[in-house]
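Trainee: Attaching a single structure in structure tokens format; questions to follow.
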Amino acid sequence: MTPITTTAALAEICSRLARHPFVTIDTEFMRETTYYPKLCLVQMASPEEAVLVDPLAEGLDLAPFVALMADERVVKVFHSARQDLEIIWILGGLIPKPLFDTQVAAMVCGYGDSVSYEQLANDLAKARIDKSSRFTDWSRRPLSEAQLAYALSDVTHLIPVYEALSARLEATGRLSWLEEEMAILTSPETYAAEPETAWKRLSGRVRKARELGVLMEIAAWREREAQTRDVPRQRVMKDDAVVEIAISAPRDADGLKRLRAVPSGFERSRAADAVLAAVKAGLARDPASIVMPERNRGRGGSGATVELLKVLLKAVCEAEGVAPKIVATVDDLEAIAEDDAADVPALAGWRRVLFGESALALKRGEVMLGLADGKVVVDRRG
């Protein structure tokens, strides 16, 4: 199949796709050498047709595609949507709604954590995916027939996968569970790369408020540099160097030079002055105003409780046919172990009904865990 390369052809196909209740979508992109993903191919399909779009074609305006993504009459179906949605957010400043992520839906249906598209295609579409083109260079032209066939299969097989999972969720009354998950994926905050929040990715590697204050400034500087230069943040400065600077807080070039994770000669670069200024700004922050993340504080004597909650979570999820990852994270379990009223997803909505109430009952001694035929059993003693 020849990809679409003109705006007129794209507008025509998007108009046809908009007449259907859903459309499956995937993208191919490159970001190994850039901060922002470089969109190289768009794949779309309805039950009647499938198309490829070449966003690198000269003169092609992707506005019709963005308009389709904004059309709330059409369900947009992705598998593992987050990176695709980030691209659309950058492209058009919007998140497609309504949204259906088959990976998340599969977790709700008991397929385990982060189930692959290949597995779902095999199980639900009875199709085998040729993965040989997955890691090819999608920015090079012309694309090979193998690349085009692989790209097209990503959306054609997604149709029966979506239909099967949607029907299963409807039959089990779990569609509302999926809607809660989609709220996270459709939040612009999920994709807004704000330099001021870049420190959160590394906050688990510092232990003191002073260190965190410096980390906030260094991470923000690196993020701004990466965005301005459109290069990966690791190319500006490695994570290890950012953390080491945050912990050591060097005041001058000699201090930078002594750090093992900082590249040799960096202290003489243009960036060194900016880094030292960021360190100074971080040290100027009032430590009393810096709130350390919960996971940095340790969990005291609740370690045994957390381990029991992990066992309970696994047992409940096996019995209910849902992936543990979508019900509760380790951070959730640690918070519950410390506080019965913890503000975590596992103690709200359907998760509380499924697991949260049992978790609290376990803490009160009203639930017992045992073994039967090699499996964990949950004994609720009321």
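Letters for chains follow the order of the structure tokens (A, B, ...), residue numbers begin at 1 for each chain, and ligand numbers begin at 1 in the order shown.
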Just want the 8 Å neighbourhood of range 138-153 of chain A, counted on only C-alpha atoms, with same-chain residues fewer than 3 positions away dropped. Output as an MDAnalysis selection string.

Mentor: chainID A and resid 1 28:30 40:41 43 50:52 56 129:131 133:134 156:158

Trainee: Using only C-alpha atoms, which residues of range 59-160 of chain A come within 12 Å of range 326-349 of chain A, and what is the closest atom pair for each, with the distance in Å to one decimal? Give it as a Markdown table, sorted by chain and residue number.

Mentor:
| residue | atom | partner | partner_atom | distance |
| --- | --- | --- | --- | --- |
| A:Gln103 | CA | A:Ile326 | CA | 10.8 |
| A:Val104 | CA | A:Ile326 | CA | 7.9 |
| A:Ala105 | CA | A:Ile326 | CA | 9.9 |
| A:Ala106 | CA | A:Ile326 | CA | 10.3 |
| A:Met107 | CA | A:Ile326 | CA | 6.8 |
| A:Val108 | CA | A:Ile326 | CA | 7.3 |
| A:Cys109 | CA | A:Ile326 | CA | 10.7 |
| A:Gly110 | CA | A:Ile326 | CA | 10.1 |
| A:Tyr111 | CA | A:Ile326 | CA | 11.1 |
| A:Gly112 | CA | A:Ile326 | CA | 9.2 |
| A:Asp113 | CA | A:Ile326 | CA | 7.7 |
| A:Ser114 | CA | A:Ile326 | CA | 9.6 |

Trainee: Among the residues of range 52-257 of chain A, find those DSSP assigns to strand (DSSP E or B) from the backbone and print them as a PyMOL selection string.

Mentor: chain A and resi 52-53+75-78+99-101

Trainee: Take the residues from that selection and put them in a file with N, CA and C atoms, as a compact mmCIF listing (two decimals), in the first residue's frame.

Mentor:
# COMPACT_ATOMS: atom_id res chain seq x y z
N LEU A 52 -2.24 4.33 5.30
CA LEU A 52 -0.99 4.80 5.86
C LEU A 52 -0.82 6.26 5.42
N VAL A 53 -0.26 7.07 6.30
CA VAL A 53 -0.05 8.49 6.01
C VAL A 53 1.42 8.81 6.24
N VAL A 75 -14.65 6.89 18.52
CA VAL A 75 -13.74 6.32 19.52
C VAL A 75 -12.40 6.08 18.84
N LYS A 76 -11.34 6.57 19.47
CA LYS A 76 -9.99 6.36 18.96
C LYS A 76 -9.35 5.20 19.72
N VAL A 77 -8.99 4.15 18.99
CA VAL A 77 -8.47 2.92 19.60
C VAL A 77 -6.97 2.82 19.36
N PHE A 78 -6.22 2.67 20.43
CA PHE A 78 -4.77 2.49 20.37
C PHE A 78 -4.39 1.26 21.19
N LEU A 99 -11.36 7.68 24.12
CA LEU A 99 -10.15 6.90 23.91
C LEU A 99 -10.34 5.48 24.44
N PHE A 100 -9.76 4.52 23.73
CA PHE A 100 -9.78 3.13 24.18
C PHE A 100 -8.38 2.56 23.98
N ASP A 101 -7.74 2.18 25.07
CA ASP A 101 -6.40 1.59 25.01
C ASP A 101 -6.53 0.09 25.24

Trainee: Pick out the residues sitting within 9 Å of range 83-93 of chain A, and hand them over as a VMD selection string; count only C-alpha atoms, and ignore anything fewer than 6 positions along from it in its own chain.

Mentor: chain A and resid 25 to 29 36 to 39 62 to 63 66 to 67 69 185 to 186 188 190 to 192

Trainee: Among the residues of range 91-336 of chain A, find those DSSP assigns to helix (DSSP H, G or I) from the backbone and print them as an MDAnalysis selection string.

Mentor: chainID A and resid 91:92 102:108 117:124 131:133 145:156 158:172 175:185 188:190 195:201 203:205 209:229 233:236 239:248 253:257 266:268 270:284 287:289 294:296 303:320 324:327 330:336
